[in-house]
Amino acid sequence: MVRSMTAYASATGTSGSWSWSWELRSVNARGLDLRLRLPDWIEGLEPALRSAIRDTAGRGAVSLTLRLARAAEDRTGADPEAVDQALRQVAAIHARAAQQGMTLAPCTAVDILGMATGQGAGHEGTDETETLRDELIAHFGAEILAPFQAMRQAEGAALAAILSDHLDEIARLVETAASQAEARAPKMRDDLRAALARVTENADAVEPGRLAQELALLAVRADVTEEIDRLRVHVVAAREHLSDGGPIGRKLDFLTQEFNREANTLCAKSNDADLGATGLALKAAIDQMREQVQNVE
């Protein structure tokens, strides 16, 4: 199945006194670039989430944000003396850091309240932290990763249909170019004979062998048979990739470059208004296909 690199998912959850919100998004990238913003005090959470995302996404710039907080009712009733003590501790830490030439980020009121009530990050017991981690991982897989993957697959299916249409148009233009190249053959022969006549009228000093070589070179330079054959082969290969599915973005991107190379040569060799116009239309169709390929995983 063809997958898109663009997707988004978000969800919220609660467990006991904890509440959280997820946001997972992915955009185009050359490889897989994971950027996770998670609480650093939940041991084992980040490796588990990274592994889960890697199993789902092969390419894309993927960013994940988890916002975690205690329920509001658990953050009230802090003892003023405990708050003062927390403030003194924070002031002492900042002063010590300044002596070492470091500047720390300012604490928020929530941070101070967490210290005062013993509910801040790092104050949870090991069992509670492990339970919370397991619940977060399970919630992430069911409520975030599953819809995220579904969106990538749905957009991938739409992309596959669009790319198939582009390939149909490219194949049609290639066959048009082949017919036009065949139709121009008589005119090319006449033009070549006329050129030969003009040259031989005043070609006493020209060696026959050299003249034959130049004429043969002109014929080869105008022949587009190889370009058309390679374009046909590329169309078949692209359709096979779409049928195979999976991470085919890099393969299709390479093929569009090869498509464009052959179309450029076709235009350069056309020497015919109709064939040249078809070559330009072919380049435009290839460029449209390449834009869509950039979204494929």
# chains A, B, ... in the order shown; residues from 1 in each chain; ligands from 1
>>> select_by_dssp(residues="range 9-153 of chain A", states="helix (DSSP H, G or I)", output="PyMOL selection string")
chain A and resi 45-56+72-75+80-99+109-117+126-153
>>> select_by_dssp(residues="range 3-50 of chain A", states="strand (DSSP E or B)", output="PyMOL selection string")
chain A and resi 4+7-15+18-27+32-37
>>> residues_around(residues="range 281-290 of chain A", least_positions_apart="4", cutoff="12 Å", atoms="only C-alpha atoms", output="tab-separated table (two decimals) with C-alpha atoms, in the first residue's frame")
chain	number	residue	atom	x	y	z
A	159	LEU	CA	-1.80	9.84	-4.13
A	160	ALA	CA	-1.57	6.48	-5.88
A	161	ALA	CA	-4.69	7.29	-7.90
A	162	ILE	CA	-3.32	10.72	-8.84
A	163	LEU	CA	0.05	9.26	-9.84
A	164	SER	CA	-1.67	6.59	-11.92
A	165	ASP	CA	-3.53	9.32	-13.82
A	166	HIS	CA	-0.27	11.17	-14.42
A	167	LEU	CA	1.32	7.98	-15.73
A	168	ASP	CA	-1.61	7.47	-18.09
A	169	GLU	CA	-1.09	10.98	-19.45
A	170	ILE	CA	2.66	10.45	-19.80
A	171	ALA	CA	2.11	7.13	-21.59
A	172	ARG	CA	-0.38	8.80	-23.96
A	173	LEU	CA	2.08	11.59	-24.77
A	174	VAL	CA	4.90	9.09	-25.34
A	175	GLU	CA	2.80	7.22	-27.89
A	176	THR	CA	1.85	10.52	-29.52
A	177	ALA	CA	5.53	11.38	-29.75
A	228	ILE	CA	10.78	6.81	-26.61
A	231	LEU	CA	10.18	6.40	-21.60
A	234	HIS	CA	9.99	3.96	-17.17
A	235	VAL	CA	6.19	4.03	-17.38
A	238	ALA	CA	6.53	3.26	-12.23
A	249	GLY	CA	8.93	7.44	-2.74
A	250	ARG	CA	12.67	7.35	-3.42
A	251	LYS	CA	12.24	4.95	-6.35
A	252	LEU	CA	9.55	7.11	-7.94
A	253	ASP	CA	11.61	10.25	-7.39
A	254	PHE	CA	14.52	8.64	-9.24
A	255	LEU	CA	12.21	7.57	-12.07
A	256	THR	CA	10.81	11.09	-12.49
A	257	GLN	CA	14.37	12.35	-12.92
A	258	GLU	CA	14.93	9.74	-15.62
A	259	PHE	CA	11.60	10.65	-17.23
A	260	ASN	CA	12.68	14.28	-17.35
A	261	ARG	CA	16.10	13.42	-18.78
A	262	GLU	CA	14.57	11.53	-21.70
A	263	ALA	CA	11.95	14.23	-22.30
A	264	ASN	CA	14.67	16.88	-22.46
A	265	THR	CA	16.59	14.86	-25.04
A	266	LEU	CA	13.39	14.28	-27.01
A	267	CYS	CA	12.77	18.03	-27.18
A	274	ASP	CA	4.46	19.00	-33.44
A	275	LEU	CA	6.98	16.68	-31.84
A	276	GLY	CA	8.53	19.60	-29.97
A	277	ALA	CA	5.12	20.62	-28.59
A	294	GLN	CA	7.48	14.28	-3.06
A	295	ASN	CA	4.60	13.37	-0.74
A	296	VAL	CA	5.05	9.59	-1.05
>>> closest_residue(among="A:Ala178, A:Ala97, A:Met151, A:Ala61", to="Gly279 in chain A", atoms="only C-alpha atoms")
A:Ala178
>>> residues_around(residues="Glu182 in chain A", least_positions_apart="6", cutoff="10 Å", atoms="only C-alpha atoms", output="VMD selection string")
chain A and resid 176 223 to 225
>>> write_last_selection(atoms="N, CA and C atoms", output="PDB file, in the first residue's frame")
ATOM      1  N   THR A 176       2.036   9.425 -28.555  1.00  0.00           N
ATOM      2  CA  THR A 176       1.852  10.516 -29.523  1.00  0.00           C
ATOM      3  C   THR A 176       3.183  10.928 -30.124  1.00  0.00           C
ATOM      4  N   ASP A 223      17.347  10.997 -34.316  1.00  0.00           N
ATOM      5  CA  ASP A 223      16.573   9.786 -34.028  1.00  0.00           C
ATOM      6  C   ASP A 223      16.160   9.779 -32.548  1.00  0.00           C
ATOM      7  N   VAL A 224      14.874   9.656 -32.280  1.00  0.00           N
ATOM      8  CA  VAL A 224      14.370   9.654 -30.900  1.00  0.00           C
ATOM      9  C   VAL A 224      13.844   8.281 -30.488  1.00  0.00           C
ATOM     10  N   THR A 225      14.187   7.254 -31.234  1.00  0.00           N
ATOM     11  CA  THR A 225      13.678   5.911 -30.934  1.00  0.00           C
ATOM     12  C   THR A 225      14.094   5.454 -29.540  1.00  0.00           C
TER      13      THR A 225
END
>>> residues_around(residues="Glu297 in chain A", least_positions_apart="3", cutoff="7 Å", atoms="only C-alpha atoms", output="ChimeraX atom specification")
/A:3-5,58-59,247-249
>>> closest_residue(among="A:Asp190, A:Gly246, A:Lys269, A:Leu136", to="Gly44 in chain A", atoms="only C-alpha atoms")
A:Leu136
>>> closest_residue(among="A:Arg184, A:Arg230, A:Arg152, A:Arg88", to="Ala273 in chain A", atoms="only C-alpha atoms")
A:Arg184
>>> closest_residue(among="A:Gln292, A:Pro39, A:Val62, A:Val27", to="Leu145 in chain A", atoms="only C-alpha atoms")
A:Val62
>>> residues_around(residues="Leu38 in chain A", least_positions_apart="6", cutoff="10 Å", atoms="only C-alpha atoms", output="NGL selection string")
:A and (22 or 45-46 or 49 or 64-68)
>>> write_last_selection(atoms="all heavy atoms", output="mmCIF file, in the first residue's frame")
data_model
loop_
_atom_site.group_PDB
_atom_site.id
_atom_site.type_symbol
_atom_site.label_atom_id
_atom_site.label_comp_id
_atom_site.auth_asym_id
_atom_site.auth_seq_id
_atom_site.Cartn_x
_atom_site.Cartn_y
_atom_site.Cartn_z
ATOM 1 N N TRP A 22 -1.781 14.583 23.493
ATOM 2 C CA TRP A 22 -0.799 14.214 22.476
ATOM 3 C C TRP A 22 -1.011 15.075 21.224
ATOM 4 O O TRP A 22 -2.128 15.453 20.900
ATOM 5 C CB TRP A 22 -0.959 12.767 22.032
ATOM 6 C CG TRP A 22 -0.802 11.703 23.058
ATOM 7 C CD1 TRP A 22 -1.795 11.056 23.728
ATOM 8 C CD2 TRP A 22 0.422 11.107 23.513
ATOM 9 N NE1 TRP A 22 -1.273 10.108 24.569
ATOM 10 C CE2 TRP A 22 0.088 10.115 24.455
ATOM 11 C CE3 TRP A 22 1.769 11.329 23.200
ATOM 12 C CZ2 TRP A 22 1.038 9.336 25.090
ATOM 13 C CZ3 TRP A 22 2.719 10.551 23.835
ATOM 14 C CH2 TRP A 22 2.366 9.574 24.764
ATOM 15 N N LEU A 45 9.976 5.871 28.446
ATOM 16 C CA LEU A 45 8.877 6.332 27.592
ATOM 17 C C LEU A 45 9.391 6.694 26.196
ATOM 18 O O LEU A 45 8.823 6.238 25.186
ATOM 19 C CB LEU A 45 8.184 7.528 28.231
ATOM 20 C CG LEU A 45 7.029 8.134 27.417
ATOM 21 C CD1 LEU A 45 5.921 7.105 27.223
ATOM 22 C CD2 LEU A 45 6.496 9.396 28.105
ATOM 23 N N GLU A 46 10.433 7.478 26.124
ATOM 24 C CA GLU A 46 10.907 7.934 24.806
ATOM 25 C C GLU A 46 11.385 6.781 23.922
ATOM 26 O O GLU A 46 10.997 6.720 22.740
ATOM 27 C CB GLU A 46 12.021 8.976 24.959
ATOM 28 C CG GLU A 46 12.517 9.496 23.620
ATOM 29 C CD GLU A 46 13.430 10.698 23.749
ATOM 30 O OE1 GLU A 46 13.426 11.348 24.813
ATOM 31 O OE2 GLU A 46 14.160 10.995 22.770
ATOM 32 N N LEU A 49 8.332 4.988 22.466
ATOM 33 C CA LEU A 49 7.593 5.743 21.468
ATOM 34 C C LEU A 49 8.389 5.872 20.177
ATOM 35 O O LEU A 49 7.818 5.796 19.076
ATOM 36 C CB LEU A 49 7.241 7.131 22.015
ATOM 37 C CG LEU A 49 6.320 7.139 23.239
ATOM 38 C CD1 LEU A 49 5.953 8.573 23.607
ATOM 39 C CD2 LEU A 49 5.073 6.312 22.996
ATOM 40 N N LEU A 64 6.456 14.807 17.763
ATOM 41 C CA LEU A 64 5.506 14.336 18.772
ATOM 42 C C LEU A 64 5.640 15.188 20.023
ATOM 43 O O LEU A 64 6.749 15.397 20.517
ATOM 44 C CB LEU A 64 5.765 12.863 19.113
ATOM 45 C CG LEU A 64 4.969 12.302 20.298
ATOM 46 C CD1 LEU A 64 3.478 12.278 19.979
ATOM 47 C CD2 LEU A 64 5.477 10.915 20.669
ATOM 48 N N THR A 65 4.519 15.683 20.531
ATOM 49 C CA THR A 65 4.501 16.475 21.756
ATOM 50 C C THR A 65 3.529 15.852 22.739
ATOM 51 O O THR A 65 2.391 15.530 22.383
ATOM 52 C CB THR A 65 4.086 17.928 21.474
ATOM 53 O OG1 THR A 65 5.006 18.511 20.555
ATOM 54 C CG2 THR A 65 4.093 18.747 22.756
ATOM 55 N N LEU A 66 3.992 15.659 23.973
ATOM 56 C CA LEU A 66 3.147 15.163 25.052
ATOM 57 C C LEU A 66 3.111 16.214 26.158
ATOM 58 O O LEU A 66 4.164 16.609 26.679
ATOM 59 C CB LEU A 66 3.686 13.845 25.604
ATOM 60 C CG LEU A 66 3.050 13.354 26.913
ATOM 61 C CD1 LEU A 66 1.554 13.083 26.724
ATOM 62 C CD2 LEU A 66 3.771 12.115 27.438
ATOM 63 N N ARG A 67 1.919 16.667 26.493
ATOM 64 C CA ARG A 67 1.736 17.601 27.610
ATOM 65 C C ARG A 67 1.059 16.839 28.738
ATOM 66 O O ARG A 67 -0.040 16.319 28.575
ATOM 67 C CB ARG A 67 0.894 18.805 27.174
ATOM 68 C CG ARG A 67 1.558 19.637 26.081
ATOM 69 C CD ARG A 67 0.662 20.784 25.637
ATOM 70 N NE ARG A 67 1.303 21.601 24.621
ATOM 71 C CZ ARG A 67 1.259 21.347 23.323
ATOM 72 N NH1 ARG A 67 0.576 20.287 22.890
ATOM 73 N NH2 ARG A 67 1.882 22.117 22.450
ATOM 74 N N LEU A 68 1.739 16.809 29.886
ATOM 75 C CA LEU A 68 1.299 15.990 31.014
ATOM 76 C C LEU A 68 1.102 16.877 32.233
ATOM 77 O O LEU A 68 1.927 17.745 32.521
ATOM 78 C CB LEU A 68 2.352 14.919 31.297
ATOM 79 C CG LEU A 68 2.064 13.872 32.362
ATOM 80 C CD1 LEU A 68 0.886 13.002 31.962
ATOM 81 C CD2 LEU A 68 3.306 13.008 32.577
#
>>> residues_around(residues="range 8-17 of chain A", least_positions_apart="5", cutoff="12 Å", atoms="only C-alpha atoms", output="ChimeraX atom specification")
/A:22-27,61-75,119,124,128-129,131-152,155
>>> atom_distance(atom1="CA of Arg30 in chain A", atom2="CA of Arg54 in chain A")
14.8 Å
>>> atom_distance(atom1="CA of Val2 in chain A", atom2="CA of Val293 in chain A")
10.8 Å
